[in-house]
>>> print(open('query_9.cif').read())   # mmCIF, C-alpha atoms
data_input
loop_
_atom_site.group_PDB
_atom_site.id
_atom_site.type_symbol
_atom_site.label_atom_id
_atom_site.label_comp_id
_atom_site.auth_asym_id
_atom_site.auth_seq_id
_atom_site.Cartn_x
_atom_site.Cartn_y
_atom_site.Cartn_z
ATOM 1 C CA MET A 22 69.293 -28.987 -7.650
ATOM 2 C CA PHE A 23 69.253 -32.747 -7.123
ATOM 3 C CA ASN A 24 71.337 -32.647 -3.965
ATOM 4 C CA ASP A 25 68.814 -30.226 -2.440
ATOM 5 C CA ALA A 26 65.907 -32.513 -3.319
ATOM 6 C CA ILE A 27 67.445 -35.943 -2.694
ATOM 7 C CA HIS A 28 68.589 -36.650 0.824
ATOM 8 C CA ASP A 29 69.391 -40.353 0.457
ATOM 9 C CA TRP A 30 71.005 -41.101 -2.891
ATOM 10 C CA ALA A 31 71.134 -44.873 -2.355
ATOM 11 C CA GLU A 32 67.391 -44.956 -1.704
ATOM 12 C CA HIS A 33 66.702 -42.656 -4.662
ATOM 13 C CA LEU A 34 68.764 -44.778 -7.048
ATOM 14 C CA ASP A 35 66.949 -47.900 -5.823
ATOM 15 C CA ARG A 36 63.638 -46.152 -6.531
ATOM 16 C CA LEU A 37 64.798 -45.179 -10.027
ATOM 17 C CA GLU A 38 65.828 -48.756 -10.658
ATOM 18 C CA ASP A 39 62.390 -49.943 -9.510
ATOM 19 C CA PHE A 40 60.692 -47.356 -11.743
ATOM 20 C CA TRP A 41 62.590 -48.307 -14.901
ATOM 21 C CA SER A 42 62.229 -52.007 -14.102
ATOM 22 C CA SER A 43 58.482 -51.448 -14.019
ATOM 23 C CA VAL A 44 58.503 -49.323 -17.184
ATOM 24 C CA MET A 45 60.687 -51.615 -19.272
ATOM 25 C CA LEU A 46 60.031 -55.067 -17.814
ATOM 26 C CA ALA A 47 56.547 -54.719 -16.273
ATOM 27 C CA SER A 48 58.079 -55.964 -13.002
ATOM 28 C CA GLY A 49 55.664 -54.018 -10.796
ATOM 29 C CA ARG A 50 58.529 -53.076 -8.496
ATOM 30 C CA TYR A 51 57.817 -49.332 -8.505
ATOM 31 C CA LYS A 52 55.251 -48.167 -6.001
ATOM 32 C CA GLY A 53 54.752 -44.441 -6.205
ATOM 33 C CA ASN A 54 53.487 -41.490 -8.159
ATOM 34 C CA PRO A 55 56.169 -39.693 -10.189
ATOM 35 C CA VAL A 56 53.794 -36.840 -11.066
ATOM 36 C CA VAL A 57 53.124 -35.903 -7.444
ATOM 37 C CA ILE A 58 56.800 -36.265 -6.520
ATOM 38 C CA HIS A 59 57.849 -33.927 -9.341
ATOM 39 C CA LEU A 60 55.097 -31.433 -8.516
ATOM 40 C CA ILE A 61 56.678 -30.947 -5.098
ATOM 41 C CA HIS A 62 59.654 -29.409 -6.922
ATOM 42 C CA ALA A 63 57.702 -27.844 -9.809
ATOM 43 C CA HIS A 64 58.792 -24.324 -8.938
ATOM 44 C CA ARG A 65 62.421 -25.326 -9.575
ATOM 45 C CA ILE A 66 62.009 -27.471 -12.687
ATOM 46 C CA THR A 67 62.452 -25.780 -16.074
ATOM 47 C CA PRO A 68 61.826 -27.053 -19.618
ATOM 48 C CA SER A 69 65.572 -26.915 -20.305
ATOM 49 C CA MET A 70 66.116 -29.421 -17.491
ATOM 50 C CA PHE A 71 63.860 -31.906 -19.260
ATOM 51 C CA SER A 72 65.724 -31.324 -22.528
ATOM 52 C CA ARG A 73 69.072 -31.900 -20.840
ATOM 53 C CA TRP A 74 67.838 -35.023 -19.029
ATOM 54 C CA LEU A 75 66.499 -36.474 -22.285
ATOM 55 C CA GLU A 76 69.775 -35.670 -24.043
ATOM 56 C CA LEU A 77 71.754 -37.489 -21.338
ATOM 57 C CA TRP A 78 69.245 -40.362 -21.242
ATOM 58 C CA GLU A 79 69.413 -40.885 -24.987
ATOM 59 C CA GLN A 80 73.209 -40.739 -24.996
ATOM 60 C CA THR A 81 73.542 -43.170 -22.084
ATOM 61 C CA THR A 82 70.918 -45.664 -23.235
ATOM 62 C CA GLY A 83 72.382 -45.517 -26.746
ATOM 63 C CA GLU A 84 75.797 -46.419 -25.392
ATOM 64 C CA LEU A 85 74.747 -49.102 -22.896
ATOM 65 C CA LEU A 86 71.746 -50.887 -24.389
ATOM 66 C CA PRO A 87 71.103 -52.857 -27.572
ATOM 67 C CA ASP A 88 69.683 -50.526 -30.250
ATOM 68 C CA GLU A 89 66.104 -51.780 -30.088
ATOM 69 C CA VAL A 90 65.969 -51.665 -26.290
ATOM 70 C CA ALA A 91 67.571 -48.203 -26.285
ATOM 71 C CA ARG A 92 64.966 -46.887 -28.750
ATOM 72 C CA THR A 93 62.160 -48.280 -26.585
ATOM 73 C CA ALA A 94 63.617 -46.749 -23.408
ATOM 74 C CA GLN A 95 64.127 -43.418 -25.177
ATOM 75 C CA ALA A 96 60.562 -43.316 -26.504
ATOM 76 C CA LYS A 97 59.160 -44.089 -23.073
ATOM 77 C CA ALA A 98 61.375 -41.440 -21.483
ATOM 78 C CA ARG A 99 60.137 -38.827 -23.979
ATOM 79 C CA ARG A 100 56.499 -39.668 -23.143
ATOM 80 C CA ILE A 101 57.201 -39.563 -19.419
ATOM 81 C CA ALA A 102 59.024 -36.220 -19.728
ATOM 82 C CA LYS A 103 56.149 -34.784 -21.762
ATOM 83 C CA SER A 104 53.603 -35.954 -19.186
ATOM 84 C CA LEU A 105 55.597 -34.455 -16.328
ATOM 85 C CA GLN A 106 56.018 -31.175 -18.202
ATOM 86 C CA VAL A 107 52.272 -30.985 -18.840
ATOM 87 C CA ALA A 108 51.553 -31.702 -15.176
ATOM 88 C CA ILE A 109 53.964 -28.991 -14.070
ATOM 89 C CA ARG A 110 52.590 -26.485 -16.583
ATOM 90 C CA LEU A 111 48.990 -27.190 -15.533
ATOM 91 C CA ARG A 112 49.782 -26.765 -11.870
ATOM 92 C CA THR A 113 48.406 -23.478 -10.621
ATOM 93 C CA PRO A 114 50.422 -21.301 -8.225
ATOM 94 C CA GLY A 115 49.843 -22.189 -4.588
ATOM 95 C CA GLU A 116 48.480 -25.671 -5.321
ATOM 96 C CA ASN A 117 50.422 -28.781 -4.451
ATOM 97 C CA LEU A 118 48.262 -31.183 -6.448
ATOM 98 C CA LEU A 119 46.343 -31.138 -9.707
ATOM 99 C CA THR A 120 42.611 -31.600 -9.989
ATOM 100 C CA ASN A 121 41.438 -35.192 -9.751
ATOM 101 C CA SER A 122 40.742 -35.429 -13.496
ATOM 102 C CA THR A 123 44.104 -33.941 -14.482
ATOM 103 C CA THR A 124 45.909 -36.151 -11.970
ATOM 104 C CA LYS A 125 44.142 -39.188 -13.468
ATOM 105 C CA GLU A 126 45.228 -38.165 -16.978
ATOM 106 C CA MET A 127 48.838 -37.696 -15.866
ATOM 107 C CA ASN A 128 48.806 -40.969 -13.933
ATOM 108 C CA ASP A 129 47.429 -42.764 -16.983
ATOM 109 C CA ALA A 130 50.313 -41.379 -19.029
ATOM 110 C CA THR A 131 52.999 -42.424 -16.535
ATOM 111 C CA THR A 132 51.486 -45.606 -15.114
ATOM 112 C CA VAL A 133 53.400 -48.725 -15.876
ATOM 113 C CA LYS A 134 51.302 -51.173 -17.891
ATOM 114 C CA PRO A 135 52.355 -54.617 -19.037
ATOM 115 C CA ALA A 136 52.975 -55.380 -22.672
ATOM 116 C CA ASN A 137 50.508 -57.373 -24.701
ATOM 117 C CA ASN A 138 51.237 -61.085 -24.635
ATOM 118 C CA ARG A 139 52.737 -61.571 -28.077
ATOM 119 C CA ASP A 140 55.178 -63.993 -29.508
ATOM 120 C CA CYS A 141 58.620 -62.617 -28.620
ATOM 121 C CA GLU A 142 60.051 -63.309 -32.054
ATOM 122 C CA SER A 143 57.436 -61.154 -33.770
ATOM 123 C CA ASP A 144 57.261 -58.412 -31.145
ATOM 124 C CA SER A 145 57.696 -55.174 -33.065
ATOM 125 C CA ALA A 146 57.733 -53.079 -29.880
ATOM 126 C CA GLY A 147 60.946 -54.555 -28.584
ATOM 127 C CA PRO A 148 62.470 -57.638 -27.060
ATOM 128 C CA CYS A 149 60.612 -60.020 -24.781
ATOM 129 C CA GLY A 150 59.586 -58.239 -21.623
ATOM 130 C CA ALA A 151 59.695 -54.765 -23.168
ATOM 131 C CA TRP A 152 56.544 -52.740 -23.074
ATOM 132 C CA ASP A 153 54.489 -51.932 -26.061
ATOM 133 C CA ASP A 154 53.946 -48.311 -27.077
ATOM 134 C CA SER A 155 50.243 -48.218 -26.283
ATOM 135 C CA HIS A 156 50.603 -47.165 -22.630
#
>>> encode(input="query_9.cif", output="structure tokens")
Amino acid sequence: MFNDAIHDWAEHLDRLEDFWSSVMLASGRYKGNPVVIHLIHAHRITPSMFSRWLELWEQTTGELLPDEVARTAQAKARRIAKSLQVAIRLRTPGENLLTNSTTKEMNDATTVKPANNRDCESDSAGPCGAWDDSH
């Protein structure tokens, strides 16, 4: 499925890096709308694909990241997956985009927002630079 949808893997991987940099570090590097991009392929995306992606994400982040950072990345990924699934489910046949209000709700759920400025030592949401869970 991915090879049909992604024509330039290097560019796609750069975009993913920008997205997760924005999600986890509030870098602002990602410029795009993941909801609209996924809606283009909504007819091919199934709930089991989200489950498998989350399984792989949790395994990989658990292996590669410190525990606290991995838990933060996993929680954010679950929220993002849920938002994308809702957007896909709400999409009506023949439409390429959601209504303005639904699009705003989905964008709010997947928009990268910076963490509160808190003392890094007492930050219960994760290490310095990680996002809080309020977004």
>>> atom_distance(input="query_9.cif", atom1="CA of Arg100 in chain A", atom2="CA of Trp41 in chain A")
13.4 Å
>>> atom_distance(input="query_9.cif", atom1="CA of Val107 in chain A", atom2="CA of Trp74 in chain A")
16.1 Å
>>> atom_distance(input="query_9.cif", atom1="CA of Pro55 in chain A", atom2="CA of Leu105 in chain A")
8.1 Å
>>> closest_residue(input="query_9.cif", among="A:Trp78, A:Phe40, A:Tyr51, A:Trp30", to="Ala94 in chain A", atoms="all atoms listed in the file")
A:Trp78
>>> closest_residue(input="query_9.cif", among="A:Ala102, A:Ala108, A:Ala96, A:Leu34", to="Glu79 in chain A", atoms="all atoms listed in the file")
A:Ala96
>>> resolve_selection(input="query_9.cif", expression="the PyMOL selection byres ((chain A and resi 106) around 10)", output="short mmCIF file (atom, residue, chain, number, x, y, z; two decimals) with C-alpha atoms, in the coordinates of the input")
data_model
loop_
_atom_site.label_atom_id
_atom_site.label_comp_id
_atom_site.auth_asym_id
_atom_site.auth_seq_id
_atom_site.Cartn_x
_atom_site.Cartn_y
_atom_site.Cartn_z
CA VAL A 56 53.79 -36.84 -11.07
CA HIS A 59 57.85 -33.93 -9.34
CA LEU A 60 55.10 -31.43 -8.52
CA ALA A 63 57.70 -27.84 -9.81
CA ILE A 66 62.01 -27.47 -12.69
CA THR A 67 62.45 -25.78 -16.07
CA PRO A 68 61.83 -27.05 -19.62
CA PHE A 71 63.86 -31.91 -19.26
CA ARG A 100 56.50 -39.67 -23.14
CA ILE A 101 57.20 -39.56 -19.42
CA ALA A 102 59.02 -36.22 -19.73
CA LYS A 103 56.15 -34.78 -21.76
CA SER A 104 53.60 -35.95 -19.19
CA LEU A 105 55.60 -34.46 -16.33
CA VAL A 107 52.27 -30.98 -18.84
CA ALA A 108 51.55 -31.70 -15.18
CA ILE A 109 53.96 -28.99 -14.07
CA ARG A 110 52.59 -26.48 -16.58
CA LEU A 111 48.99 -27.19 -15.53
CA ARG A 112 49.78 -26.76 -11.87
CA MET A 127 48.84 -37.70 -15.87
#
